[in-house]
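Undergrad: run.txt is reproduced in full below (compact mmCIF, C-alpha atoms).
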```txt
# COMPACT_ATOMS: atom_id res chain seq x y z
CA MET J 78 153.52 40.79 -36.16
CA ALA J 79 151.50 43.49 -37.80
CA TRP J 80 152.17 44.57 -41.34
CA ASN J 81 153.07 48.06 -40.14
CA GLU J 82 155.59 46.92 -37.60
CA PRO J 83 159.28 47.30 -38.27
CA GLY J 84 160.91 44.42 -40.02
CA ASN J 85 157.75 43.30 -41.88
CA ASN J 86 158.63 44.88 -45.21
CA ASP J 87 157.33 41.95 -47.28
CA LYS J 88 153.75 42.62 -46.21
CA ASP J 89 153.83 46.36 -46.61
CA PRO J 90 150.96 47.22 -49.02
CA TRP J 91 152.62 50.46 -49.92
CA LYS J 92 155.96 48.67 -50.61
CA ASN J 93 157.95 51.18 -48.69
CA LYS J 94 161.66 50.67 -48.74
CA GLY J 95 163.89 50.60 -45.70
CA GLY J 96 160.96 49.99 -43.38
CA LYS J 97 160.28 53.63 -43.25
CA ASN J 98 156.77 55.05 -43.63
CA GLN J 99 157.15 57.23 -46.71
CA GLY J 100 153.41 57.73 -47.39
CA PRO J 101 151.26 56.50 -50.37
CA PRO J 102 152.99 55.47 -53.61
CA ASP J 103 153.36 57.69 -56.61
CA LEU J 104 150.63 57.85 -59.29
CA ASP J 105 153.02 56.37 -61.83
CA GLU J 106 153.49 53.27 -59.75
CA LEU J 107 149.71 52.87 -59.33
CA LEU J 108 149.15 53.12 -63.06
CA LYS J 109 151.89 50.59 -63.65
CA ASP J 110 150.15 48.16 -61.30
CA LEU J 111 146.86 48.63 -63.13
CA GLY J 112 148.67 48.12 -66.42
CA ASP J 113 150.11 44.88 -65.21
CA LYS J 114 146.72 43.61 -64.19
CA PHE J 115 145.01 44.54 -67.52
CA GLY J 116 148.00 43.17 -69.38
CA GLY J 117 147.48 39.86 -67.70
CA ILE J 118 143.80 39.88 -68.61
CA PHE J 119 144.44 40.65 -72.30
CA GLY J 120 147.45 38.34 -72.56
CA GLY J 121 150.21 40.73 -71.57
CA LYS J 122 153.11 40.09 -69.21
CA SER J 123 153.43 41.19 -65.59
CA SER J 124 155.26 44.32 -64.59
CA ASN J 125 158.77 43.17 -65.03
CA GLY J 126 161.21 45.43 -66.68
CA GLY J 127 160.16 48.01 -69.37
CA LYS J 128 157.29 46.00 -70.81
CA SER J 129 154.75 47.30 -68.27
CA GLY J 130 154.37 50.70 -69.97
CA LYS J 131 153.79 49.13 -73.37
CA SER J 132 151.07 46.84 -71.94
CA PHE J 133 149.22 49.75 -70.39
CA SER J 134 149.25 51.69 -73.70
CA SER J 135 147.87 48.73 -75.67
CA VAL J 136 145.04 48.28 -73.16
CA GLY J 137 144.03 51.92 -73.44
CA ILE J 138 144.00 51.76 -77.19
CA SER J 139 141.88 48.60 -77.14
CA ILE J 140 139.33 50.15 -74.81
CA ALA J 141 139.14 53.31 -76.87
CA LEU J 142 138.73 51.27 -80.04
CA ILE J 143 135.93 49.20 -78.56
CA VAL J 144 134.11 52.29 -77.34
CA ALA J 145 134.53 53.96 -80.73
CA ILE J 146 133.15 50.90 -82.50
CA LEU J 147 130.13 50.78 -80.21
CA VAL J 148 129.46 54.48 -80.67
CA TYR J 149 129.78 54.12 -84.45
CA VAL J 150 127.42 51.14 -84.55
CA PHE J 151 124.74 52.77 -82.42
CA SER J 152 125.02 56.08 -84.26
CA GLY J 153 124.05 54.33 -87.50
CA PHE J 154 120.50 53.47 -86.40
CA TYR J 155 117.70 55.73 -87.63
CA THR J 156 113.92 55.61 -88.12
CA ILE J 157 111.78 56.41 -91.19
CA LYS J 158 108.22 57.41 -90.27
CA GLU J 159 105.19 55.67 -91.69
CA ALA J 160 104.25 58.53 -94.04
CA GLU J 161 107.83 59.03 -95.26
CA GLN J 162 110.26 57.49 -97.68
CA GLY J 163 114.03 57.80 -97.25
CA ILE J 164 116.51 58.85 -99.94
CA VAL J 165 119.92 57.18 -99.44
CA LEU J 166 123.06 59.09 -100.50
CA ARG J 167 126.40 57.28 -100.29
CA PHE J 168 129.28 59.73 -100.50
CA GLY J 169 126.79 62.17 -101.97
CA GLN J 170 125.54 59.86 -104.72
CA TYR J 171 121.97 58.50 -104.88
CA THR J 172 121.85 54.77 -104.24
CA GLY J 173 118.18 54.02 -103.55
CA ASN J 174 115.13 54.48 -101.34
CA VAL J 175 114.29 52.99 -97.95
CA GLU J 176 110.83 52.20 -96.64
CA PRO J 177 109.41 53.16 -93.22
CA GLY J 178 110.81 51.41 -90.16
CA LEU J 179 114.01 51.09 -88.11
CA ARG J 180 117.09 51.14 -90.35
CA TRP J 181 120.87 51.27 -90.11
CA LYS J 182 123.34 53.25 -92.18
CA TRP J 183 127.06 53.71 -92.43
CA THR J 184 127.81 56.81 -90.39
CA PHE J 185 129.91 59.41 -92.23
CA VAL J 186 129.32 57.41 -95.41
CA ASP J 187 125.56 57.36 -95.96
CA ARG J 188 123.17 60.27 -95.69
CA ILE J 189 119.41 59.78 -95.36
CA ILE J 190 116.89 62.40 -96.57
CA PRO J 191 113.32 61.64 -95.36
CA VAL J 192 110.52 62.76 -97.69
CA ASP J 193 106.83 62.86 -96.71
CA ILE J 194 104.90 61.15 -99.54
CA GLN J 195 101.45 60.79 -97.98
CA THR J 196 100.54 64.18 -96.53
CA THR J 197 98.45 66.43 -98.79
CA ARG J 198 99.96 69.91 -98.95
CA ASN J 199 98.33 73.25 -99.74
CA LEU J 200 99.74 75.99 -101.92
CA PRO J 201 97.89 79.34 -102.28
CA ALA J 202 98.15 81.84 -105.13
CA SER J 203 96.57 85.29 -105.47
CA GLY J 204 97.06 88.69 -107.04
CA PHE J 205 95.62 91.36 -109.34
CA MET J 206 95.41 90.15 -112.94
CA LEU J 207 94.36 91.59 -116.29
CA THR J 208 91.47 89.87 -118.09
CA GLN J 209 90.84 89.48 -121.79
CA ASP J 210 88.43 92.45 -121.86
CA GLU J 211 91.10 94.65 -120.19
CA ASN J 212 89.65 94.66 -116.70
CA VAL J 213 91.57 94.19 -113.48
CA VAL J 214 90.40 91.46 -111.10
CA ARG J 215 91.84 89.99 -107.92
CA VAL J 216 91.84 86.19 -107.97
CA GLU J 217 92.57 83.84 -105.08
CA MET J 218 93.18 80.18 -105.74
CA GLN J 219 94.55 77.26 -103.75
CA ILE J 220 95.83 73.89 -104.92
CA GLN J 221 96.36 70.62 -103.06
CA TYR J 222 99.21 68.31 -104.01
CA ARG J 223 101.38 65.50 -102.68
CA VAL J 224 104.69 63.79 -103.47
CA VAL J 225 104.54 60.65 -105.62
CA ASN J 226 108.26 60.22 -106.44
CA ALA J 227 110.70 61.06 -103.66
CA ARG J 228 113.81 60.94 -105.89
CA ASP J 229 112.40 63.38 -108.47
CA TYR J 230 111.09 65.62 -105.71
CA VAL J 231 114.58 65.96 -104.20
CA PHE J 232 116.86 65.94 -107.27
CA SER J 233 114.89 67.11 -110.33
CA VAL J 234 114.94 70.79 -109.36
CA THR J 235 116.47 72.87 -106.61
CA ASP J 236 113.17 73.41 -104.78
CA ALA J 237 110.15 71.52 -106.08
CA ASP J 238 107.67 73.43 -103.90
CA ASP J 239 108.94 76.79 -105.13
CA SER J 240 108.86 75.59 -108.74
CA LEU J 241 105.26 74.46 -108.30
CA SER J 242 104.34 77.85 -106.81
CA GLN J 243 105.80 79.71 -109.77
CA SER J 244 104.10 77.34 -112.20
CA LEU J 245 100.75 77.91 -110.48
CA ASP J 246 101.14 81.69 -110.71
CA SER J 247 102.01 81.41 -114.39
CA ALA J 248 99.07 79.12 -115.19
CA LEU J 249 96.62 81.28 -113.26
CA ARG J 250 97.69 84.49 -115.02
CA TYR J 251 97.57 82.79 -118.41
CA VAL J 252 94.01 81.48 -117.92
CA VAL J 253 92.69 84.73 -116.43
CA GLY J 254 94.29 86.69 -119.27
CA HIS J 255 92.30 84.62 -121.79
CA ALA J 256 88.95 84.89 -119.97
CA LYS J 257 86.40 87.66 -119.63
CA MET J 258 85.75 89.32 -116.32
CA ASP J 259 82.06 88.41 -116.23
CA ASP J 260 82.92 84.73 -116.65
CA ILE J 261 85.50 84.90 -113.87
CA LEU J 262 83.11 86.61 -111.46
CA THR J 263 79.92 84.66 -112.25
CA SER J 264 79.15 81.67 -114.41
CA GLY J 265 82.61 80.78 -115.71
CA ARG J 266 84.34 80.04 -112.42
CA GLU J 267 84.26 76.28 -112.90
CA ALA J 268 85.63 76.59 -116.42
CA VAL J 269 88.47 78.79 -115.13
CA ARG J 270 89.26 76.27 -112.38
CA GLN J 271 89.45 73.37 -114.83
CA ALA J 272 91.56 75.42 -117.26
CA VAL J 273 94.06 76.37 -114.51
CA TRP J 274 94.36 72.71 -113.45
CA LYS J 275 95.01 71.57 -117.01
CA GLU J 276 97.51 74.36 -117.72
CA LEU J 277 99.39 73.67 -114.47
CA ASP J 278 99.76 69.96 -115.29
CA GLU J 279 101.14 70.83 -118.71
CA ILE J 280 103.68 73.25 -117.21
CA ILE J 281 105.12 70.95 -114.54
CA GLU J 282 105.14 67.77 -116.64
CA PRO J 283 108.54 68.37 -118.38
CA TYR J 284 110.29 69.15 -115.09
CA ASN J 285 109.48 65.80 -113.41
CA LEU J 286 108.92 67.39 -110.02
CA GLY J 287 107.68 64.14 -108.50
CA LEU J 288 104.41 65.88 -107.54
CA ILE J 289 100.76 65.36 -108.43
CA VAL J 290 98.04 68.00 -108.15
CA THR J 291 95.01 66.44 -106.44
CA ASP J 292 92.63 69.41 -106.40
CA VAL J 293 92.31 73.06 -107.41
CA ASN J 294 90.04 75.36 -105.39
CA PHE J 295 88.80 78.66 -106.81
CA LYS J 296 88.43 80.56 -103.53
CA ASP J 297 87.51 84.11 -104.57
CA ALA J 298 87.44 86.55 -107.46
CA ARG J 299 86.50 90.18 -107.02
CA PRO J 300 87.08 93.49 -108.77
CA PRO J 301 89.12 96.35 -107.26
CA GLU J 302 87.53 98.13 -104.32
CA GLU J 303 87.04 101.35 -106.35
CA VAL J 304 84.50 99.69 -108.69
CA LYS J 305 83.25 96.94 -106.42
CA ASP J 306 79.73 98.43 -105.96
CA ALA J 307 79.13 98.69 -109.68
CA PHE J 308 80.27 95.13 -110.26
CA ASP J 309 78.11 93.90 -107.40
CA ASP J 310 75.07 95.45 -109.08
CA ALA J 311 76.00 93.87 -112.39
CA ILE J 312 76.47 90.48 -110.77
CA SER J 313 73.11 90.77 -109.00
CA ALA J 314 71.42 91.57 -112.30
CA GLN J 315 73.04 88.58 -113.96
CA GLU J 316 72.00 86.31 -111.11
CA ASP J 317 68.41 87.60 -111.40
CA GLU J 318 68.53 86.92 -115.13
CA VAL J 319 69.67 83.37 -114.56
CA ARG J 320 67.03 82.87 -111.88
CA TYR J 321 64.24 84.14 -114.14
CA LEU J 322 65.42 81.89 -116.94
CA ARG J 323 65.37 78.91 -114.61
CA GLU J 324 61.87 79.79 -113.41
CA ALA J 325 60.64 80.18 -117.00
CA GLU J 326 62.14 76.83 -117.96
CA ALA J 327 60.54 75.21 -114.92
CA TYR J 328 57.16 76.74 -115.81
CA ALA J 329 57.50 75.57 -119.41
CA ARG J 330 58.38 72.07 -118.27
CA GLY J 331 55.37 72.11 -115.96
CA ILE J 332 52.77 73.60 -118.34
CA GLU J 333 53.68 71.57 -121.42
CA PRO J 334 52.77 68.16 -119.97
CA ARG J 335 49.47 69.55 -118.69
CA ALA J 336 48.65 70.97 -122.12
CA ARG J 337 49.53 67.69 -123.80
CA GLY J 338 47.37 65.85 -121.29
CA ARG J 339 44.45 68.23 -121.93
CA VAL J 340 44.78 67.76 -125.70
CA LYS J 341 44.88 64.00 -125.27
CA ARG J 342 41.80 64.09 -123.08
CA MET J 343 39.90 66.23 -125.58
CA GLU J 344 40.82 63.85 -128.38
CA GLN J 345 39.58 60.92 -126.37
CA GLU J 346 36.37 62.74 -125.46
CA ALA J 347 35.80 63.63 -129.12
CA LEU J 348 36.28 60.01 -130.16
CA ALA J 349 33.96 58.87 -127.38
CA TYR J 350 31.32 61.45 -128.43
CA LYS J 351 31.65 60.34 -132.02
CA GLU J 352 31.15 56.70 -131.12
CA GLN J 353 28.24 57.58 -128.83
CA THR J 354 26.53 59.65 -131.51
CA VAL J 355 26.95 56.95 -134.12
CA LEU J 356 25.63 54.32 -131.72
CA ASP J 357 22.65 56.51 -130.74
CA ALA J 358 21.81 57.07 -134.39
CA GLU J 359 22.07 53.38 -135.13
CA GLY J 360 19.87 52.69 -132.11
CA GLU J 361 17.21 55.17 -133.30
CA VAL J 362 17.22 53.63 -136.75
CA ALA J 363 16.85 50.16 -135.30
CA ARG J 364 14.03 51.33 -133.02
CA PHE J 365 12.07 52.93 -135.84
CA GLU J 366 12.60 49.87 -137.98
CA LYS J 367 11.04 47.78 -135.21
CA ILE J 368 8.14 50.23 -134.73
CA LEU J 369 7.33 50.49 -138.43
CA PRO J 370 5.59 47.09 -138.67
CA GLU J 371 3.51 47.91 -135.57
CA TYR J 372 2.56 51.28 -137.00
CA GLN J 373 1.55 49.76 -140.28
CA ALA J 374 -0.62 47.26 -138.43
CA ALA J 375 -2.26 49.77 -135.99
CA PRO J 376 -1.41 53.38 -136.89
CA GLU J 377 -3.68 55.11 -134.39
CA VAL J 378 -2.66 53.05 -131.41
CA THR J 379 1.00 53.36 -132.25
CA ARG J 380 0.75 57.12 -132.71
CA GLN J 381 -0.97 57.56 -129.36
CA ARG J 382 1.59 55.38 -127.60
CA LEU J 383 4.47 57.36 -129.08
CA TYR J 384 2.83 60.60 -128.03
CA LEU J 385 2.38 59.45 -124.44
CA ALA J 386 5.94 58.16 -124.23
CA THR J 387 7.25 61.47 -125.56
CA MET J 388 5.21 63.53 -123.10
CA GLU J 389 6.36 61.35 -120.24
CA LYS J 390 9.97 61.90 -121.25
CA VAL J 391 9.55 65.66 -121.69
CA TYR J 392 7.66 66.28 -118.46
CA GLY J 393 9.94 63.96 -116.55
CA ASN J 394 12.81 66.42 -117.04
CA THR J 395 10.97 69.60 -116.02
CA SER J 396 9.77 71.04 -112.72
CA LYS J 397 6.71 72.75 -114.27
CA VAL J 398 3.25 71.24 -114.59
CA MET J 399 1.15 72.19 -117.64
CA VAL J 400 -2.65 72.40 -117.16
CA ASP J 401 -5.03 72.64 -120.15
CA VAL J 402 -7.69 75.24 -119.59
CA GLU J 403 -11.03 74.29 -121.09
CA GLY J 404 -12.75 76.69 -123.43
CA GLY J 405 -9.66 78.61 -124.56
CA ASN J 406 -6.33 78.46 -126.32
CA ASN J 407 -4.30 79.11 -123.18
CA MET J 408 -2.43 76.75 -120.92
CA MET J 409 -1.35 77.33 -117.34
CA TYR J 410 1.91 76.04 -115.81
CA LEU J 411 2.79 75.68 -112.19
CA PRO J 412 6.41 76.45 -111.07
CA LEU J 413 6.66 73.60 -108.63
CA ASP J 414 10.37 74.18 -107.90
CA LYS J 415 9.78 77.69 -106.53
CA ILE J 416 6.63 76.66 -104.72
CA MET J 417 8.46 73.81 -103.01
CA GLN J 418 11.24 76.16 -101.93
CA GLN J 419 8.72 78.57 -100.33
CA GLN J 420 6.36 76.09 -98.78
CA SER J 421 6.82 72.69 -97.28
CA ALA J 422 3.35 71.34 -98.10
CA SER J 423 2.13 68.24 -99.91
CA PRO J 424 2.22 68.12 -103.74
CA ARG J 425 -1.59 68.05 -103.87
CA THR J 426 -1.91 71.35 -101.99
CA ILE J 427 0.78 72.99 -104.13
CA VAL J 428 -0.92 72.01 -107.39
CA SER J 429 -4.25 73.51 -106.23
CA LYS J 430 -2.67 77.00 -105.93
CA PRO J 431 -1.26 78.14 -109.26
CA VAL J 432 0.93 81.22 -109.10
CA VAL J 433 1.68 82.33 -112.65
CA GLN J 434 -0.26 82.11 -115.86
CA GLN J 435 1.40 82.41 -119.23
CA PRO J 436 -0.42 82.14 -122.51
CA ILE J 437 1.04 79.67 -124.94
CA THR J 438 -0.14 78.19 -128.17
CA THR J 439 -2.01 74.94 -127.85
CA THR J 440 -0.16 72.17 -129.54
CA SER J 441 -1.89 69.33 -131.17
CA PRO J 442 -0.96 65.99 -129.66
CA THR J 443 -0.39 64.56 -133.08
CA SER J 444 2.43 67.03 -133.88
CA VAL J 445 4.78 66.07 -131.11
CA ASN J 446 8.40 66.01 -132.37
CA GLY J 447 7.01 66.22 -135.91
CA ARG J 448 6.53 62.51 -135.97
CA SER J 449 2.75 62.37 -136.70
CA ASP J 450 3.08 64.06 -140.07
CA ARG J 451 5.77 61.63 -141.08
CA PHE J 452 3.61 58.74 -139.95
CA ASN J 453 0.58 60.17 -141.74
CA ASN J 454 2.58 60.64 -144.87
CA GLY J 455 3.87 57.15 -144.57
CA ARG J 456 0.38 55.86 -143.96
CA ASN J 457 -1.13 57.78 -146.84
```
Output the file's structure in the form of structure tokens.
TA:
Amino acid sequence: MAWNEPGNNDKDPWKNKGGKNQGPPDLDELLKDLGDKFGGIFGGKSSNGGKSGKSFSSVGISIALIVAILVYVFSGFYTIKEAEQGIVLRFGQYTGNVEPGLRWKWTFVDRIIPVDIQTTRNLPASGFMLTQDENVVRVEMQIQYRVVNARDYVFSVTDADDSLSQSLDSALRYVVGHAKMDDILTSGREAVRQAVWKELDEIIEPYNLGLIVTDVNFKDARPPEEVKDAFDDAISAQEDEVRYLREAEAYARGIEPRARGRVKRMEQEALAYKEQTVLDAEGEVARFEKILPEYQAAPEVTRQRLYLATMEKVYGNTSKVMVDVEGGNNMMYLPLDKIMQQQSASPRTIVSKPVVQQPITTTSPTSVNGRSDRFNNGRN
């Protein structure tokens, strides 16, 4: 017999009463059946009497509680980046720092503030400022800084970046106000940069901003546009002055060693000449001392030998040939150097054609170098 046939009420899935087909059951009955089943799973009783509604309510609460717990647990996970450091606030009170990585916090209890502590940040500052010599100059400067203490950076002041900006503006105006315009525009830029850095560190130190200034860049300094041309000319003149001074110093450094070297060389040459002269004189004295015994033994022979040696030495260093003319007091010389330049003939042919005659006084052979008189005096 089929379940839908009359009389088979026990197998009717819809549990219709009276064997009549009254359609699908109510929604309340379906929920009660589901409640019975979940109640059996979680330890509840079957749908008998008024306990079925209570079982269904407890199951719903359990499911909602489990879902809420899972959502709460998963909502507590967070990530701190590699360049950051986390500030942990528990009910608004600082409790510590957390390092980079995957972390978990108590949702609605803890609050995490990530702070970048590795990135170098830039902060510009510029404006028209009054110098010590009462001139107006526009200065542009930029600093680089980074966070070194996350807690101080967040809690020491309301806004650490804004406080640093105001401190930079104050330090810059103070330094420019105590400097001359020429120094700011030309040679004193490095001194101004170092002074601003030092003044800025002194200003921010009492506030414990948790920041450190890593560099200060002096980008530009220029006068107002109305007087810019005049200042450009003045700056060009100062640069030329510095360049000329550098060139003069370089020339002085180059010429001084050469002069000292020349002086040293002259001193050494003078010492060498002195030694040479002394040695030559000693050699002459020694030579005459050796010749004296020979002269005393044979005066005439010695005198003639000295005369011939002297003539050989004298004529060996000249390009002229002296010829004694018989029967007169004149001598003729031949300019062999000029003759050899004009003609390419043998020396014998050149000598046979004298070109110039010049009268000179005949010199006695015995008076060469004045030595014969000394020998004669010595002999007599």
Undergrad: Calculated over all atoms listed in the file, which of the candidates J:Leu207, J:Thr184, J:Glu359, J:Asn174 has the smallest distance to J:Val148?
TA: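 For J:Val148, the nearest of the candidates is J:Thr184.
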Undergrad: With distances taken over only C-alpha atoms, which residue among J:Leu147, J:Val213, J:Ser244, J:Val192 lies nearest J:Pro283?
TA: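 Between J:Leu147, J:Val213, J:Ser244, J:Val192, the residue approaching J:Pro283 most closely is J:Ser244.
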Undergrad: What does the distance between atom CA of J:Arg167 and atom CA of J:Tyr149 come to in Å, to one decimal place?
TA: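 So the two atoms, atom CA of J:Arg167 and atom CA of J:Tyr149, lie 16.5 Å apart.
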Undergrad: Interatomic distance between atom CA of J:Val234 and atom CA of J:Gln170?
TA: 15.9 Å
Undergrad: To one decimal in Å, tell me the separation between atom CA of J:Val175 and atom CA of J:Gly163.
TA: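 About the pair atom CA of J:Val175 and atom CA of J:Gly163: they are 4.9 Å apart.
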Undergrad: Go through J:Pro191, J:Gly331, J:Gly338, J:Gly254 one by one, measure the shortest atom-to-atom distance of each to J:Val165 using only C-alpha atoms, and give the residue with the smallest value.
TA: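 Residue with the minimum atom-to-atom distance to J:Val165: J:Pro191.
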Undergrad: Could you pull the residues within 6 Å of stretch 291-296 of chain J, counting only C-alpha atoms, minus those fewer than 3 positions along the same chain, as a PDB file with C-alpha atoms, in the coordinates of the input?
TA:
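Result file around.pdb:
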```
ATOM      1  CA  GLU J 217      92.570  83.840-105.080  1.00  0.00           C
ATOM      2  CA  MET J 218      93.180  80.180-105.740  1.00  0.00           C
ATOM      3  CA  GLN J 219      94.550  77.260-103.750  1.00  0.00           C
ATOM      4  CA  ILE J 220      95.830  73.890-104.920  1.00  0.00           C
ATOM      5  CA  GLN J 221      96.360  70.620-103.060  1.00  0.00           C
ATOM      6  CA  TYR J 222      99.210  68.310-104.010  1.00  0.00           C
TER       7      TYR J 222
END
```
Undergrad: For J:Gly173, which of J:Met258, J:Ile189, J:Ala248, J:Val253 is the closest residue, counting all atoms listed in the file?
TA: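 Residue with the minimum atom-to-atom distance to J:Gly173: J:Ile189.
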Undergrad: Taking the block just given, write stretch 175-186 of chain J to a file that holds N, CA and C atoms, as a PDB file, in the first residue's frame.
TA:
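Just written: decode.pdb:
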```pdb
ATOM      1  N   VAL J 175      55.679  46.459  19.679  1.00  0.00           N
ATOM      2  CA  VAL J 175      55.723  45.152  19.024  1.00  0.00           C
ATOM      3  C   VAL J 175      56.593  45.263  17.786  1.00  0.00           C
ATOM      4  N   GLU J 176      57.313  44.193  17.517  1.00  0.00           N
ATOM      5  CA  GLU J 176      58.236  44.160  16.384  1.00  0.00           C
ATOM      6  C   GLU J 176      57.508  43.712  15.119  1.00  0.00           C
ATOM      7  N   PRO J 177      58.150  43.830  13.956  1.00  0.00           N
ATOM      8  CA  PRO J 177      57.509  43.422  12.698  1.00  0.00           C
ATOM      9  C   PRO J 177      57.141  41.939  12.683  1.00  0.00           C
ATOM     10  N   GLY J 178      56.051  41.631  11.984  1.00  0.00           N
ATOM     11  CA  GLY J 178      55.597  40.258  11.865  1.00  0.00           C
ATOM     12  C   GLY J 178      54.093  40.149  12.065  1.00  0.00           C
ATOM     13  N   LEU J 179      53.588  38.905  12.059  1.00  0.00           N
ATOM     14  CA  LEU J 179      52.166  38.640  12.278  1.00  0.00           C
ATOM     15  C   LEU J 179      51.899  38.570  13.779  1.00  0.00           C
ATOM     16  N   ARG J 180      50.949  39.395  14.234  1.00  0.00           N
ATOM     17  CA  ARG J 180      50.653  39.493  15.663  1.00  0.00           C
ATOM     18  C   ARG J 180      49.152  39.335  15.909  1.00  0.00           C
ATOM     19  N   TRP J 181      48.816  39.206  17.199  1.00  0.00           N
ATOM     20  CA  TRP J 181      47.401  39.115  17.583  1.00  0.00           C
ATOM     21  C   TRP J 181      47.148  40.050  18.742  1.00  0.00           C
ATOM     22  N   LYS J 182      45.984  40.672  18.744  1.00  0.00           N
ATOM     23  CA  LYS J 182      45.619  41.603  19.798  1.00  0.00           C
ATOM     24  C   LYS J 182      44.192  41.321  20.262  1.00  0.00           C
ATOM     25  N   TRP J 183      43.877  41.838  21.405  1.00  0.00           N
ATOM     26  CA  TRP J 183      42.529  41.756  21.934  1.00  0.00           C
ATOM     27  C   TRP J 183      41.678  42.841  21.271  1.00  0.00           C
ATOM     28  N   THR J 184      40.744  42.394  20.418  1.00  0.00           N
ATOM     29  CA  THR J 184      39.889  43.346  19.729  1.00  0.00           C
ATOM     30  C   THR J 184      39.015  44.093  20.732  1.00  0.00           C
ATOM     31  N   PHE J 185      38.835  45.374  20.471  1.00  0.00           N
ATOM     32  CA  PHE J 185      38.079  46.282  21.339  1.00  0.00           C
ATOM     33  C   PHE J 185      38.777  46.553  22.666  1.00  0.00           C
ATOM     34  N   VAL J 186      39.950  45.961  22.860  1.00  0.00           N
ATOM     35  CA  VAL J 186      40.722  46.204  24.082  1.00  0.00           C
ATOM     36  C   VAL J 186      42.048  46.870  23.746  1.00  0.00           C
TER      37      VAL J 186
END
```
